[in-house]
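Data first, discussion second: the structure below is written as structure tokens.
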Amino acid sequence: MPPVSSSRALAFALCALAACSKPPAQRAPVETGSLPDIVLVTIDSLRPDHLGCYGYPAPTSYNIDTLAAAGVRCELALSTTSWTLPSHAALFTGLYDSTHGLVTNGLRLSPKLETLAECLKERGYRTAGFFGGPYLHPAYGLAQGFDTWESCMSPATEELVVKGDLGGEAAHEDVTGPRTVKAVERFLEKSDNRPLFLFVHLFDVHYDYNPPREDVLPFDRDYTGDTNFSHLDSNPSIAKDMPARDRQHLVALYDGEIHFTDRNLAQILSNLSAQRTDRGRLLVITGDHGEEFFEHGNKGHQSSLYDELVRIPLIFNWPGHLQKDTLIRDQVRIIDIMPTLLAVAGVEQPPRMQGRNLWPLLTGKPLPEAPALLELLVDQNDVRGVRYPESKIISWRGKYDQTFGFHLVRDRGEGRTFDLSQDWVVKGKQELQRLVDENAALRKELRAEPEPLDLSPELDWRLHQYGYTEGKESKPK
Ligand SMILES: [Zn+2]
């Protein structure tokens with residue numbers, strides 16, 4: 001049961017279920033005494049099936065597994081897409097990608113959209129975010145609502161980013177985990193007794209895979225090859241037809257990054273436990289998208305919407321409030337996280353949010369099945385899909401102009417498309433169109449189009465952070 005009164009929690013849960021659309025003026029008065037700290041962690045590019053608690057046989061994730069065993073693990077959680085920027089926008093707004101509109105480079109989130117951090121801040125939370133990857137740079141608008149928003153990229157990477165290399169290439173070799181641990185630690189030493197909403201983006205699992213050697217050894221002790229695994233994006237040695245032993249080592253490096261990140265996360269949580277003793281803590285661990293190792297011919301991510309790219313981990317840990325060892329098998333979505341956290345904090349969710357409050361599921365009550373819309377609209381892609389627990393439709397336009405129907409029980413690897421005239425495929429295609437149309441209508445209604453990316457105020461702010469110039473005193477809005 002949430003720390004807000006049970007009747008209020010129930011009211012909010014029911015409100016969310018009924019797609020409540022009361023205006024923000026109806027919000028509860030601020031009574032923050034019993035609110036828990038909320039800690040939301042995204043681990044970039046983390047495939048759930050490479051975590052022990054999701055069945056991976058190698059020991060990648062001792063600490064995450066322990067947290068999952070002490071809480072609730074969602075077996076089937078989905079992002080909205082297969083890359084960082086839109087999925088984080090979906091996480092922070094509870095909206096699908098084609099509704100919030102942040103689907104390609106060169107755009108920033110509309111300040112008119114209400115974010116998770118803004119809602120919690122209004123509720124009385126102190127809001128702080130720490131990030132390790134370039135798409136979380138404030139230029140993209142995802143810092144909206146955070147009192148503190150700190151980059152944990154290296155100064156060298158940062159310099160490239162502020163010069164306009166916001167696409168990410170500069171950051172791939174950066175090792176940001178230890179810097180993130182330190183930044184959060186410094187922040188916590190100065191934290192006050194207000195409830196805290198802490199967001200942490202751990203970036204190291206994202207390629208390039210260059211973990212410390214000690215973190216790779218558990219996964220590949222005897223590799224003697226001399227293949228260069230850097231610059232994954234452009235490295236011709238990392239290809240579908242690479243030698244099997246090299247490919248095995250590539251995956252071991254990825255697993256090593258997970259092991260490394262799991263250790264860094266444990267340190268952050270240990271610091272939190274030491275510094276934040278007055279309140280309970282709801283911890284949510286999730287990801288932004290997956291990663292592929294040539295299952296469908298490609299490497300990295302951002303190329304398609306197959307399960308290895310859109311499934312994410314989702315773990316809720318809140319001792320005393322959520323039962324340990326709980327497994328949720330229902331399909332849930334990244335857009336459901338914001339409404340769930342708002343319900344926990346006793347905040348009425350903004351009207352027209354597309355995610356739903358998962359609190360009933362987390363506490364053993366059923367919710368109706370909900371389809372998940374998947375979209376990849378960057379780099380001339382026009383790929384959309386709808387996923388159900390047992391099937392998926394993917395519709396490619398442009399490059400392939402083809403629709404696929406996958407039966408995920410008979411064909412978990414999405415290897416062959418089914419006859420498109422079958423009933424479930426026809427219904428899936430109709431549902432996909434319905435969801436796309438619904439997003440277009442809602443986007444029109446919200447009148448919150450993304451804005452063109454403008455580096456100048458952020459450049460000024462960031463240079464000031466490093467003492468290079470007379471920049472602005474405050475963080476850009
Ligand atoms: Zn990402």
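Chain labels follow the order of the structure tokens: the first chain is A, the next B, and so on; residue numbering restarts at 1 in every chain, and ligands are counted from 1 in their shown order.
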Open item on the list: Any residue with an atom at most 12 Å from ligand 1 counts, using only C-alpha atoms and all ligand atoms. Which are they? Put them as a ChimeraX atom specification.
Closed with: /A:42-47,79-89,131-136,167-168,171-172,201-207,286-291,300-302,309-310,312
Need to verify the contact set: Arg186 of chain A, 12 Å, only C-alpha atoms, exclusion of same-chain residues closer than 2 positions in sequence. Can you return it as a CSV table (one decimal) with C-alpha atoms, in the first residue's frame?
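To be explicit, this is the file written out as selection01.csv:
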```
chain,number,residue,atom,x,y,z
A,130,PHE,CA,21.9,12.6,-13.5
A,150,GLU,CA,23.7,17.1,-14.2
A,179,ARG,CA,31.3,9.8,-12.6
A,180,THR,CA,27.6,9.3,-12.1
A,181,VAL,CA,28.1,7.5,-8.8
A,182,LYS,CA,30.3,10.4,-7.6
A,183,ALA,CA,27.9,13.1,-8.8
A,184,VAL,CA,24.9,11.5,-7.1
A,188,LEU,CA,23.0,13.4,-1.6
A,189,GLU,CA,25.5,15.0,0.8
A,190,LYS,CA,23.6,18.2,0.4
A,191,SER,CA,20.1,16.9,0.1
A,268,ILE,CA,24.5,4.6,-5.8
A,271,ASN,CA,24.9,6.0,-0.8
A,272,LEU,CA,21.2,6.5,-0.9
A,275,GLN,CA,22.1,9.5,3.3
```
Open item on the list: Could you list, as a list in words, every residue within 12 Å of Leu432 of chain A, counting only C-alpha atoms and ignoring same-chain residues fewer than 3 positions away?
Closed with: Pro371, Ala372, Leu373, Leu374, Glu375, Val383, Arg384, Gly385, Val386, Arg387, Tyr388, Lys392, Ile393, Ile394, Ser395, Thr403, Gly405, Val425, Val426, Lys427, Gly428, Lys429, Leu435, Val436, Asp437, Glu438 and Asn439 of chain A
Just the selected residues (N, CA and C atoms), exported as a PDB file, in the first residue's frame, please.
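Dumped everything to again-v9.pdb:
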```pdb
ATOM      1  N   PRO A 371      -2.586  -3.366 -25.566  1.00  0.00           N
ATOM      2  CA  PRO A 371      -1.600  -3.494 -26.642  1.00  0.00           C
ATOM      3  C   PRO A 371      -0.493  -2.454 -26.477  1.00  0.00           C
ATOM      4  N   ALA A 372       0.649  -2.731 -27.063  1.00  0.00           N
ATOM      5  CA  ALA A 372       1.766  -1.774 -27.014  1.00  0.00           C
ATOM      6  C   ALA A 372       2.067  -1.311 -28.431  1.00  0.00           C
ATOM      7  N   LEU A 373       2.007  -0.012 -28.642  1.00  0.00           N
ATOM      8  CA  LEU A 373       2.369   0.548 -29.943  1.00  0.00           C
ATOM      9  C   LEU A 373       3.873   0.769 -29.993  1.00  0.00           C
ATOM     10  N   LEU A 374       4.480   0.380 -31.103  1.00  0.00           N
ATOM     11  CA  LEU A 374       5.931   0.531 -31.293  1.00  0.00           C
ATOM     12  C   LEU A 374       6.143   1.379 -32.541  1.00  0.00           C
ATOM     13  N   GLU A 375       7.085   2.322 -32.465  1.00  0.00           N
ATOM     14  CA  GLU A 375       7.310   3.196 -33.629  1.00  0.00           C
ATOM     15  C   GLU A 375       8.795   3.506 -33.788  1.00  0.00           C
ATOM     16  N   VAL A 383       8.489   2.784 -39.539  1.00  0.00           N
ATOM     17  CA  VAL A 383       8.167   1.438 -39.082  1.00  0.00           C
ATOM     18  C   VAL A 383       7.269   1.559 -37.860  1.00  0.00           C
ATOM     19  N   ARG A 384       6.156   0.856 -37.915  1.00  0.00           N
ATOM     20  CA  ARG A 384       5.254   0.874 -36.763  1.00  0.00           C
ATOM     21  C   ARG A 384       4.785  -0.545 -36.493  1.00  0.00           C
ATOM     22  N   GLY A 385       4.527  -0.808 -35.243  1.00  0.00           N
ATOM     23  CA  GLY A 385       4.062  -2.141 -34.899  1.00  0.00           C
ATOM     24  C   GLY A 385       3.128  -2.093 -33.707  1.00  0.00           C
ATOM     25  N   VAL A 386       2.370  -3.157 -33.551  1.00  0.00           N
ATOM     26  CA  VAL A 386       1.573  -3.308 -32.334  1.00  0.00           C
ATOM     27  C   VAL A 386       1.882  -4.690 -31.774  1.00  0.00           C
ATOM     28  N   ARG A 387       2.109  -4.722 -30.468  1.00  0.00           N
ATOM     29  CA  ARG A 387       2.475  -5.993 -29.841  1.00  0.00           C
ATOM     30  C   ARG A 387       1.434  -6.370 -28.807  1.00  0.00           C
ATOM     31  N   TYR A 388       1.074  -7.626 -28.841  1.00  0.00           N
ATOM     32  CA  TYR A 388       0.234  -8.233 -27.813  1.00  0.00           C
ATOM     33  C   TYR A 388       1.096  -9.278 -27.103  1.00  0.00           C
ATOM     34  N   LYS A 392       2.514 -10.118 -32.774  1.00  0.00           N
ATOM     35  CA  LYS A 392       3.007  -8.780 -33.119  1.00  0.00           C
ATOM     36  C   LYS A 392       2.809  -8.525 -34.615  1.00  0.00           C
ATOM     37  N   ILE A 393       2.403  -7.313 -34.922  1.00  0.00           N
ATOM     38  CA  ILE A 393       2.308  -6.877 -36.322  1.00  0.00           C
ATOM     39  C   ILE A 393       3.355  -5.790 -36.510  1.00  0.00           C
ATOM     40  N   ILE A 394       4.153  -5.885 -37.553  1.00  0.00           N
ATOM     41  CA  ILE A 394       5.088  -4.792 -37.864  1.00  0.00           C
ATOM     42  C   ILE A 394       4.841  -4.357 -39.303  1.00  0.00           C
ATOM     43  N   SER A 395       4.669  -3.066 -39.479  1.00  0.00           N
ATOM     44  CA  SER A 395       4.395  -2.531 -40.810  1.00  0.00           C
ATOM     45  C   SER A 395       5.527  -1.583 -41.220  1.00  0.00           C
ATOM     46  N   THR A 403       4.173  -5.632 -44.594  1.00  0.00           N
ATOM     47  CA  THR A 403       3.657  -5.875 -43.243  1.00  0.00           C
ATOM     48  C   THR A 403       3.962  -7.318 -42.844  1.00  0.00           C
ATOM     49  N   GLY A 405       3.344 -10.391 -39.772  1.00  0.00           N
ATOM     50  CA  GLY A 405       2.577 -10.853 -38.609  1.00  0.00           C
ATOM     51  C   GLY A 405       3.349 -11.971 -37.921  1.00  0.00           C
ATOM     52  N   VAL A 425      -4.123 -11.448 -37.626  1.00  0.00           N
ATOM     53  CA  VAL A 425      -3.273 -10.476 -38.305  1.00  0.00           C
ATOM     54  C   VAL A 425      -4.119  -9.294 -38.790  1.00  0.00           C
ATOM     55  N   VAL A 426      -5.258  -9.608 -39.355  1.00  0.00           N
ATOM     56  CA  VAL A 426      -6.151  -8.543 -39.846  1.00  0.00           C
ATOM     57  C   VAL A 426      -6.560  -7.630 -38.687  1.00  0.00           C
ATOM     58  N   LYS A 427      -6.935  -8.261 -37.563  1.00  0.00           N
ATOM     59  CA  LYS A 427      -7.343  -7.463 -36.386  1.00  0.00           C
ATOM     60  C   LYS A 427      -6.164  -6.627 -35.878  1.00  0.00           C
ATOM     61  N   GLY A 428      -4.984  -7.196 -35.869  1.00  0.00           N
ATOM     62  CA  GLY A 428      -3.796  -6.462 -35.421  1.00  0.00           C
ATOM     63  C   GLY A 428      -3.530  -5.254 -36.306  1.00  0.00           C
ATOM     64  N   LYS A 429      -3.683  -5.434 -37.615  1.00  0.00           N
ATOM     65  CA  LYS A 429      -3.448  -4.303 -38.523  1.00  0.00           C
ATOM     66  C   LYS A 429      -4.465  -3.192 -38.276  1.00  0.00           C
ATOM     67  N   LEU A 435      -4.523   2.907 -33.333  1.00  0.00           N
ATOM     68  CA  LEU A 435      -3.605   3.558 -32.390  1.00  0.00           C
ATOM     69  C   LEU A 435      -2.875   4.731 -33.047  1.00  0.00           C
ATOM     70  N   VAL A 436      -2.467   4.540 -34.288  1.00  0.00           N
ATOM     71  CA  VAL A 436      -1.774   5.621 -35.001  1.00  0.00           C
ATOM     72  C   VAL A 436      -2.713   6.813 -35.184  1.00  0.00           C
ATOM     73  N   ASP A 437      -3.961   6.532 -35.562  1.00  0.00           N
ATOM     74  CA  ASP A 437      -4.937   7.616 -35.730  1.00  0.00           C
ATOM     75  C   ASP A 437      -5.216   8.320 -34.405  1.00  0.00           C
ATOM     76  N   GLU A 438      -5.299   7.529 -33.347  1.00  0.00           N
ATOM     77  CA  GLU A 438      -5.565   8.083 -32.013  1.00  0.00           C
ATOM     78  C   GLU A 438      -4.427   9.033 -31.611  1.00  0.00           C
ATOM     79  N   ASN A 439      -3.198   8.627 -31.879  1.00  0.00           N
ATOM     80  CA  ASN A 439      -2.054   9.487 -31.556  1.00  0.00           C
ATOM     81  C   ASN A 439      -2.102  10.795 -32.344  1.00  0.00           C
TER      82      ASN A 439
END
```
TODO: Give me every alpha helix (DSSP H) residue in segment 63-311 of chain A, going by DSSP on the backbone, as JSON, numbers by chain.
DONE: {"A": [63, 64, 65, 66, 67, 68, 69, 84, 85, 86, 87, 88, 89, 90, 91, 92, 93, 97, 98, 99, 100, 116, 117, 118, 119, 120, 121, 122, 155, 156, 157, 158, 159, 160, 161, 162, 177, 178, 179, 180, 181, 182, 183, 184, 185, 186, 187, 188, 189, 213, 214, 215, 216, 244, 245, 246, 247, 248, 249, 250, 251, 252, 253, 254, 255, 256, 257, 258, 259, 260, 261, 262, 263, 264, 265, 266, 267, 268, 269, 270, 271, 272, 273, 274, 275, 307, 308, 309, 310]}
Task: Counting only C-alpha atoms, the option among A:Gly398, A:Pro368, A:Pro243, A:Pro138 closest to Asp382 of chain A - done: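 Ranking A:Gly398, A:Pro368, A:Pro243, A:Pro138 by distance to Asp382 of chain A, first place goes to A:Gly398.
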TODO: Could you please determine the separation between atom CA of Ala274 of chain A and atom CA of Thr148 of chain A in Å, to one decimal place?
DONE: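 If I compute the distance from atom CA of Ala274 of chain A to atom CA of Thr148 of chain A, I get 20.5 Å.
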TODO: Show which residues sit within 8 Å of Gly141 of chain A, as JSON, numbers by chain. Count only C-alpha atoms, and ignore same-chain residues fewer than 5 positions away.
DONE: {"A": [108, 109, 110, 111]}
Only C-alpha atoms, please: the residues just picked out, written as an mmCIF file, in the first residue's frame.
```cif
data_model
loop_
_atom_site.group_PDB
_atom_site.id
_atom_site.type_symbol
_atom_site.label_atom_id
_atom_site.label_comp_id
_atom_site.auth_asym_id
_atom_site.auth_seq_id
_atom_site.Cartn_x
_atom_site.Cartn_y
_atom_site.Cartn_z
ATOM 1 C CA ARG A 108 13.370 19.209 -28.416
ATOM 2 C CA LEU A 109 10.374 18.251 -26.300
ATOM 3 C CA SER A 110 7.600 20.822 -26.195
ATOM 4 C CA PRO A 111 7.630 22.712 -22.879
#
```
Task: Close residues, Thr157 of chain A itself excluded, 9 Å, only C-alpha atoms, min 4 positions apart in chain, as an MDAnalysis selection string - done: chainID A and resid 134 153 161:162 170:171 174
Please produce a file of those selected residues containing C-alpha atoms, as a compact mmCIF listing (two decimals), in the first residue's frame.
```txt
# COMPACT_ATOMS: atom_id res chain seq x y z
CA PRO A 134 24.03 12.93 -25.08
CA MET A 153 29.77 12.81 -19.46
CA VAL A 161 28.47 17.77 -27.52
CA VAL A 162 28.24 21.50 -26.99
CA ALA A 170 31.32 11.40 -29.26
CA ALA A 171 29.92 9.69 -26.21
CA ASP A 174 33.05 7.54 -22.66
```
TODO: Between A:Asp37, A:Asp222, A:Asp255, A:Glu114, single out the one closest to Pro57 of chain A, counting only C-alpha atoms.
DONE: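 Counting only C-alpha atoms, the residue closest to Pro57 of chain A is A:Asp255.
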Would you tabulate, counting only C-alpha atoms, all residues of segment 342-417 of chain A that have an atom at most 10 Å from an atom of segment 61-77 of chain A, showing the closest pair of atoms and their distance in Å to one decimal, sorted by chain then ascending number, as a tab-separated table?
```
residue	atom	partner	partner_atom	distance
A:Leu361	CA	A:Cys74	CA	9.8
A:Leu362	CA	A:Val72	CA	6.8
A:Thr363	CA	A:Val72	CA	9.1
A:Ala372	CA	A:Ala77	CA	9.4
A:Pro389	CA	A:Leu76	CA	7.9
```
Open item on the list: When you count only C-alpha atoms, which of these residues is closest to Gly346 of chain A: A:Leu198, A:Leu250, A:Leu120, A:Leu102?
Closed with: A:Leu120
Task: Given only C-alpha atoms as the counted atoms, nearest of A:Leu217, A:Leu327, A:Leu283, A:Ala448 to Gly364 of chain A - done: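 The closest residue to Gly364 of chain A is A:Leu327.
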Backbone-only DSSP, strand (DSSP E or B) members of segment 262-452 of chain A, as a JSON list (two decimals) with C-alpha atoms, in the first residue's frame:
```json
[["chain", "number", "residue", "atom", "x", "y", "z"],
["A", 281, "ARG", "CA", 12.14, 4.43, -1.05],
["A", 282, "LEU", "CA", 10.40, 3.20, -4.15],
["A", 283, "LEU", "CA", 13.04, 2.11, -6.63],
["A", 284, "VAL", "CA", 12.23, 1.51, -10.29],
["A", 285, "ILE", "CA", 14.85, -0.03, -12.54],
["A", 286, "THR", "CA", 14.15, -0.05, -16.25],
["A", 287, "GLY", "CA", 15.76, 0.50, -19.66],
["A", 292, "GLU", "CA", 20.74, -6.68, -31.14],
["A", 293, "PHE", "CA", 23.50, -9.10, -31.95],
["A", 299, "LYS", "CA", 24.04, -4.72, -34.58],
["A", 300, "GLY", "CA", 23.45, -2.04, -31.94],
["A", 311, "ARG", "CA", 11.79, -5.37, -24.63],
["A", 312, "ILE", "CA", 13.11, -3.67, -21.49],
["A", 314, "LEU", "CA", 11.10, -3.31, -15.34],
["A", 315, "ILE", "CA", 11.56, -3.88, -11.62],
["A", 316, "PHE", "CA", 9.77, -2.20, -8.70],
["A", 317, "ASN", "CA", 11.34, -2.46, -5.26],
["A", 326, "THR", "CA", 6.40, -11.07, -7.25],
["A", 327, "LEU", "CA", 6.28, -11.80, -10.96],
["A", 328, "ILE", "CA", 3.97, -9.88, -13.30],
["A", 329, "ARG", "CA", 3.41, -11.72, -16.55],
["A", 330, "ASP", "CA", 1.06, -9.15, -18.11],
["A", 331, "GLN", "CA", 2.40, -7.00, -20.91],
["A", 332, "VAL", "CA", 3.27, -3.54, -19.56],
["A", 333, "ARG", "CA", 4.80, -0.48, -21.21],
["A", 372, "ALA", "CA", 1.77, -1.77, -27.01],
["A", 373, "LEU", "CA", 2.37, 0.55, -29.94],
["A", 374, "LEU", "CA", 5.93, 0.53, -31.29],
["A", 375, "GLU", "CA", 7.31, 3.20, -33.63],
["A", 376, "LEU", "CA", 10.60, 3.92, -35.34],
["A", 382, "ASP", "CA", 8.64, 4.59, -41.09],
["A", 383, "VAL", "CA", 8.17, 1.44, -39.08],
["A", 384, "ARG", "CA", 5.25, 0.87, -36.76],
["A", 385, "GLY", "CA", 4.06, -2.14, -34.90],
["A", 386, "VAL", "CA", 1.57, -3.31, -32.33],
["A", 387, "ARG", "CA", 2.48, -5.99, -29.84],
["A", 391, "SER", "CA", 1.58, -11.78, -31.32],
["A", 392, "LYS", "CA", 3.01, -8.78, -33.12],
["A", 393, "ILE", "CA", 2.31, -6.88, -36.32],
["A", 394, "ILE", "CA", 5.09, -4.79, -37.86],
["A", 395, "SER", "CA", 4.39, -2.53, -40.81],
["A", 396, "TRP", "CA", 7.33, -1.12, -42.78],
["A", 397, "ARG", "CA", 6.68, 1.71, -45.18],
["A", 402, "GLN", "CA", 5.65, -4.63, -46.21],
["A", 403, "THR", "CA", 3.66, -5.88, -43.24],
["A", 404, "PHE", "CA", 4.66, -8.82, -41.06],
["A", 405, "GLY", "CA", 2.58, -10.85, -38.61],
["A", 406, "PHE", "CA", 4.51, -12.76, -35.95],
["A", 407, "HIS", "CA", 3.11, -15.43, -33.66],
["A", 451, "GLU", "CA", 10.45, 22.58, -31.11],
["A", 452, "PRO", "CA", 13.54, 22.89, -33.30]]
```
Open item on the list: Here is a test: counting only C-alpha atoms, which residue of A:Leu253, A:Leu51, A:Leu95, A:Leu113 is nearest to Asn210 of chain A?
Closed with: A:Leu253
Open item on the list: Using only C-alpha atoms for the distances, tell me which of A:Tyr254, A:Tyr56, A:Tyr96, A:Phe146 is nearest to Leu196 of chain A.
Closed with: A:Phe146
